[in-house]
$ cat upload-v2.txt   # compact mmCIF, C-alpha atoms
# COMPACT_ATOMS: atom_id res chain seq x y z
CA MET A 1 99.23 181.75 -37.02
CA GLN A 2 100.84 181.61 -33.57
CA THR A 3 100.80 178.50 -31.39
CA ASP A 4 101.58 177.95 -27.74
CA ASP A 5 103.44 174.69 -28.37
CA PRO A 6 106.78 174.60 -26.51
CA VAL A 7 110.04 174.76 -28.47
CA PRO A 8 111.58 171.24 -28.71
CA SER A 9 114.33 170.82 -26.14
CA SER A 10 117.88 169.82 -27.07
CA GLY A 11 118.12 167.64 -23.95
CA TRP A 12 115.95 165.77 -21.48
CA THR A 13 113.16 167.50 -19.55
CA SER A 14 112.14 166.24 -16.13
CA LYS A 15 108.62 166.37 -14.68
CA SER A 16 109.57 169.50 -12.81
CA GLY A 17 110.59 171.22 -16.03
CA LEU A 18 114.36 170.94 -15.43
CA GLU A 19 116.30 170.34 -18.64
CA TRP A 20 119.22 167.92 -18.83
CA SER A 21 121.98 167.86 -21.43
CA PRO A 22 123.40 166.42 -23.63
CA THR A 23 120.88 164.97 -26.04
CA ASP A 24 119.68 161.38 -26.31
CA ALA A 25 121.82 160.87 -29.40
CA ASP A 26 124.96 161.83 -27.48
CA THR A 27 124.35 159.79 -24.34
CA MET A 28 122.74 156.68 -25.81
CA ARG A 29 124.85 156.16 -28.94
CA TYR A 30 125.88 152.56 -29.61
CA ILE A 31 129.54 151.73 -29.07
CA ALA A 32 130.53 148.45 -30.68
CA PRO A 33 132.63 146.13 -28.50
CA PRO A 34 136.19 145.39 -29.65
CA ILE A 35 136.43 142.54 -32.13
CA LYS A 36 139.29 140.87 -30.24
CA ALA A 37 139.66 141.96 -26.63
CA THR A 38 142.56 139.72 -25.54
CA GLY A 39 145.29 137.58 -27.08
CA PRO A 40 147.07 138.22 -30.40
CA THR A 41 145.85 141.44 -32.00
CA CYS A 42 144.32 141.69 -35.46
CA TYR A 43 147.46 143.65 -36.43
CA ALA A 44 149.58 140.60 -35.55
CA ILE A 45 147.30 137.98 -37.08
CA ASP A 46 147.07 139.82 -40.40
CA ARG A 47 150.86 139.94 -40.70
CA ILE A 48 151.79 136.32 -40.01
CA THR A 49 151.97 133.95 -42.97
CA ASN A 50 155.25 132.12 -42.23
CA LEU A 51 157.97 131.67 -39.59
CA GLU A 52 159.93 134.72 -40.71
CA ASP A 53 156.84 136.91 -40.30
CA SER A 54 156.47 135.62 -36.74
CA PHE A 55 160.12 136.41 -36.02
CA GLU A 56 159.91 139.92 -37.47
CA LEU A 57 156.75 140.63 -35.51
CA MET A 58 158.78 140.33 -32.29
CA VAL A 59 162.24 141.37 -33.52
CA THR A 60 161.28 144.04 -36.01
CA PRO A 61 163.39 145.10 -39.01
CA GLU A 62 163.84 148.45 -37.24
CA ILE A 63 165.37 146.73 -34.20
CA VAL A 64 167.60 144.51 -36.35
CA LYS A 65 168.82 147.52 -38.34
CA HIS A 66 169.73 149.38 -35.15
CA ILE A 67 171.67 146.38 -33.79
CA MET A 68 173.50 146.06 -37.12
CA GLU A 69 174.50 149.74 -37.13
CA MET A 70 175.72 149.75 -33.52
CA THR A 71 177.60 146.47 -33.97
CA ASN A 72 179.38 147.71 -37.09
CA LEU A 73 180.25 150.96 -35.32
CA HIS A 74 181.82 149.09 -32.42
CA GLY A 75 183.50 146.53 -34.69
CA ARG A 76 185.24 149.20 -36.76
CA HIS A 77 186.68 150.75 -33.61
CA THR A 78 187.78 147.57 -31.85
CA VAL A 79 188.48 144.78 -34.37
CA LYS A 80 191.30 144.87 -36.87
CA ASN A 81 190.12 144.20 -40.43
CA TRP A 82 186.51 144.13 -39.26
CA THR A 83 184.01 142.91 -41.88
CA ASP A 84 180.68 144.70 -41.61
CA THR A 85 177.67 142.61 -40.69
CA ASP A 86 174.24 143.06 -42.28
CA THR A 87 170.63 142.57 -41.25
CA THR A 88 170.52 139.02 -42.64
CA GLU A 89 173.49 137.96 -40.52
CA ILE A 90 172.11 139.66 -37.41
CA LYS A 91 168.80 137.82 -37.82
CA ALA A 92 170.72 134.56 -38.31
CA TYR A 93 172.74 135.23 -35.16
CA ILE A 94 169.63 135.91 -33.07
CA GLY A 95 167.98 132.84 -34.59
CA LEU A 96 170.90 130.65 -33.50
CA LEU A 97 170.64 132.01 -29.96
CA ILE A 98 166.95 131.11 -29.91
CA LEU A 99 167.70 127.68 -31.37
CA ALA A 100 170.35 127.04 -28.71
CA GLY A 101 167.63 127.66 -26.14
CA VAL A 102 165.28 125.29 -27.96
CA TYR A 103 167.97 122.61 -27.74
CA ARG A 104 168.44 123.42 -24.02
CA SER A 105 172.13 124.08 -24.61
CA ARG A 106 172.64 126.38 -21.63
CA ASN A 107 175.53 124.34 -20.19
CA GLU A 108 176.90 123.27 -23.56
CA SER A 109 179.84 125.07 -25.13
CA THR A 110 179.28 126.72 -28.48
CA ALA A 111 182.15 124.65 -29.86
CA ASN A 112 180.08 121.51 -29.22
CA LEU A 113 177.15 122.96 -31.17
CA TRP A 114 179.42 123.34 -34.22
CA ARG A 115 181.38 120.11 -33.75
CA ASP A 116 181.34 117.69 -36.68
CA GLY A 117 179.41 114.52 -35.97
CA THR A 118 178.11 115.41 -32.50
CA GLY A 119 176.97 118.99 -33.05
CA ARG A 120 173.83 120.43 -34.62
CA PRO A 121 174.25 120.68 -38.42
CA ILE A 122 172.09 123.79 -38.68
CA PHE A 123 174.59 125.85 -36.69
CA ALA A 124 177.51 125.17 -39.03
CA ALA A 125 175.23 125.60 -42.04
CA THR A 126 174.19 129.07 -40.84
CA MET A 127 177.58 130.63 -40.08
CA ALA A 128 181.11 129.69 -39.04
CA HIS A 129 181.75 129.23 -35.33
CA LYS A 130 184.56 131.80 -35.49
CA ARG A 131 182.18 134.41 -36.91
CA PHE A 132 179.52 133.59 -34.31
CA SER A 133 182.05 134.00 -31.50
CA LEU A 134 183.25 137.30 -32.97
CA LEU A 135 179.70 138.65 -33.20
CA SER A 136 179.08 137.57 -29.59
CA THR A 137 182.05 139.69 -28.55
CA VAL A 138 181.34 142.73 -30.71
CA ILE A 139 177.53 142.95 -30.77
CA ARG A 140 176.27 146.24 -29.32
CA PHE A 141 172.91 147.98 -28.92
CA ASP A 142 174.07 151.58 -28.55
CA ASP A 143 177.00 153.86 -29.34
CA LYS A 144 179.40 153.25 -26.47
CA GLN A 145 181.33 156.43 -27.23
CA THR A 146 178.28 158.62 -26.52
CA ARG A 147 176.92 156.57 -23.61
CA GLN A 148 178.55 158.60 -20.84
CA ALA A 149 177.20 161.87 -22.25
CA ARG A 150 173.70 160.37 -22.34
CA LEU A 151 174.06 159.23 -18.73
CA VAL A 152 175.00 162.75 -17.67
CA ARG A 153 171.83 164.11 -19.25
CA GLN A 154 169.60 161.30 -17.93
CA PRO A 155 170.71 158.57 -15.48
CA ASP A 156 169.49 155.25 -16.86
CA LYS A 157 170.44 151.72 -15.79
CA LEU A 158 169.25 150.43 -19.18
CA VAL A 159 171.23 152.98 -21.17
CA ALA A 160 173.14 150.29 -23.10
CA ILE A 161 169.90 148.80 -24.48
CA ARG A 162 167.45 151.68 -24.01
CA VAL A 163 166.73 152.29 -27.71
CA ILE A 164 165.84 148.72 -28.64
CA TRP A 165 164.12 148.15 -25.28
CA ASP A 166 161.68 151.00 -25.92
CA LYS A 167 161.14 149.86 -29.50
CA TRP A 168 160.45 146.32 -28.34
CA LEU A 169 157.98 147.39 -25.66
CA ARG A 170 156.03 149.45 -28.18
CA GLN A 171 155.94 146.48 -30.54
CA LEU A 172 154.70 144.10 -27.83
CA LYS A 173 151.72 146.36 -27.14
CA SER A 174 150.73 146.22 -30.79
CA VAL A 175 150.82 142.42 -31.15
CA PHE A 176 149.31 141.08 -27.94
CA ILE A 177 146.61 142.14 -25.46
CA PRO A 178 146.80 140.32 -22.11
CA ASP A 179 143.71 139.26 -20.21
CA ARG A 180 142.60 140.98 -17.00
CA GLU A 181 143.77 138.12 -14.77
CA ILE A 182 147.45 137.29 -15.21
CA THR A 183 149.67 135.20 -12.96
CA ILE A 184 153.29 136.27 -12.88
CA ASP A 185 156.23 135.12 -10.81
CA GLU A 186 159.75 136.36 -10.21
CA LYS A 187 162.63 134.51 -11.82
CA VAL A 188 166.39 134.92 -11.67
CA ILE A 189 168.36 134.53 -14.89
CA LEU A 190 171.95 133.45 -14.34
CA PHE A 191 174.30 136.28 -15.28
CA ARG A 192 178.00 136.61 -14.40
CA GLY A 193 178.77 139.84 -16.24
CA ARG A 194 178.76 143.41 -14.97
CA CYS A 195 175.30 144.90 -14.49
CA PRO A 196 174.11 147.74 -12.20
CA PHE A 197 170.89 145.94 -11.27
CA GLN A 198 172.20 142.41 -10.72
CA GLN A 199 170.63 140.86 -7.62
CA ALA A 200 171.47 138.11 -5.16
CA MET A 201 168.57 135.84 -4.12
CA LEU A 202 169.79 132.97 -1.98
CA LYS A 203 166.55 130.97 -2.19
CA LYS A 204 166.60 130.76 -5.99
CA PRO A 205 168.36 128.02 -8.03
CA PHE A 206 170.69 130.71 -9.36
CA ARG A 207 171.72 132.82 -6.40
CA SER A 208 172.92 135.78 -8.42
CA GLY A 209 171.65 137.20 -11.68
CA LEU A 210 168.96 139.32 -13.27
CA LYS A 211 165.52 139.24 -11.70
CA ILE A 212 162.55 139.38 -14.04
CA TRP A 213 158.83 138.75 -13.78
CA VAL A 214 157.43 136.09 -16.08
CA HIS A 215 154.28 134.09 -16.74
CA PRO A 216 154.69 130.60 -15.18
CA GLN A 217 155.08 127.83 -17.73
$ encode --input "upload-v2.txt" --output "structure tokens"
Amino acid sequence: MQTDDPVPSSGWTSKSGLEWSPTDADTMRYIAPPIKATGPTCYAIDRITNLEDSFELMVTPEIVKHIMEMTNLHGRHTVKNWTDTDTTEIKAYIGLLILAGVYRSRNESTANLWRDGTGRPIFAATMAHKRFSLLSTVIRFDDKQTRQARLVRQPDKLVAIRVIWDKWLRQLKSVFIPDREITIDEKVILFRGRCPFQQAMLKKPFRSGLKIWVHPQ
């Protein structure tokens, strides 16, 4: 038996008979809000159980391995009887740099940090001062012998640290989501070495150095 009932529409039908697409199910589907919109990500929270986890979340094993490889490569070419470093020693070296900042030792010589009686015992317990000084001289973040060829292909002011810089930026995006409103300010970090983007800012406490943008403390 035939009926005159209209065929169900796949979209919306207006009073004038005009049909709209897509269907209700496509346009009105429920999209759950993110569980954690800002701050530390679930990826980060799930991976932190101790201090070492926190360290490796920011300075990943991949970054440490790259620094180790580039440092050993440079050490073998420049230091007589060079002893290869490993990832444990590189992490210890970076940890001591962080600890020196915690102790506000910017204007204090490294020799004082290792000095018996007046120094910080944890420094001497971690590695010898001579080894720390050697690593400070030799540590590298890229292959210096191929740097010029890379610059010819692609000019880059960060060429000496480009690999770990990109790795670090990718890691930061996975561990923290900033809020919509963020206050940042420019800051000059004292630096007396050679750098193609060193700046002079006479109104800052340090008149020459590296300018960065940071969240005010």
$ residues_around --input "upload-v2.txt" --residues "range 59-62 of chain A" --least-positions-apart "5" --cutoff "12 Å" --atoms "only C-alpha atoms" --output "PyMOL selection string"
chain A and resi 52-54+67-69+86-88+90-92+94-95+98+163-172+174-175
$ atom_distance --input "upload-v2.txt" --atom1 "CA of Thr137 in chain A" --atom2 "CA of Val159 in chain A"
18.7 Å
$ residues_around --input "upload-v2.txt" --residues "range 200-206 of chain A" --least-positions-apart "3" --cutoff "10 Å" --atoms "only C-alpha atoms" --output "list in words"
Glu186, Lys187, Val188, Ile189, Leu190, Phe191, Phe197, Gly209, Leu210 and Lys211 of chain A
$ atom_distance --input "upload-v2.txt" --atom1 "CA of Phe132 in chain A" --atom2 "CA of Glu56 in chain A"
20.8 Å
$ atom_distance --input "upload-v2.txt" --atom1 "CA of Val214 in chain A" --atom2 "CA of Ile184 in chain A"
5.2 Å
$ residues_near_point --input "upload-v2.txt" --point "(147.3, 141.4, -24.7)" --cutoff "7 Å" --atoms "only C-alpha atoms" --output "VMD selection string"
chain A and resid 38 to 40 176 to 179
$ residues_around --input "upload-v2.txt" --residues "Trp114 in chain A" --least-positions-apart "5" --cutoff "9 Å" --atoms "only C-alpha atoms" --output "PyMOL selection string"
chain A and resi 119-124+128-129
$ closest_residue --input "upload-v2.txt" --among "A:Ala111, A:Leu158, A:Val79, A:Val152" --to "Leu135 in chain A" --atoms "only C-alpha atoms"
A:Val79
$ residues_around --input "upload-v2.txt" --residues "Val138 in chain A" --least-positions-apart "3" --cutoff "9 Å" --atoms "only C-alpha atoms" --output "list in words"
Thr71, Asn72, His74, Gly75, Thr78, Val79, Ser133, Leu134 and Leu135 of chain A
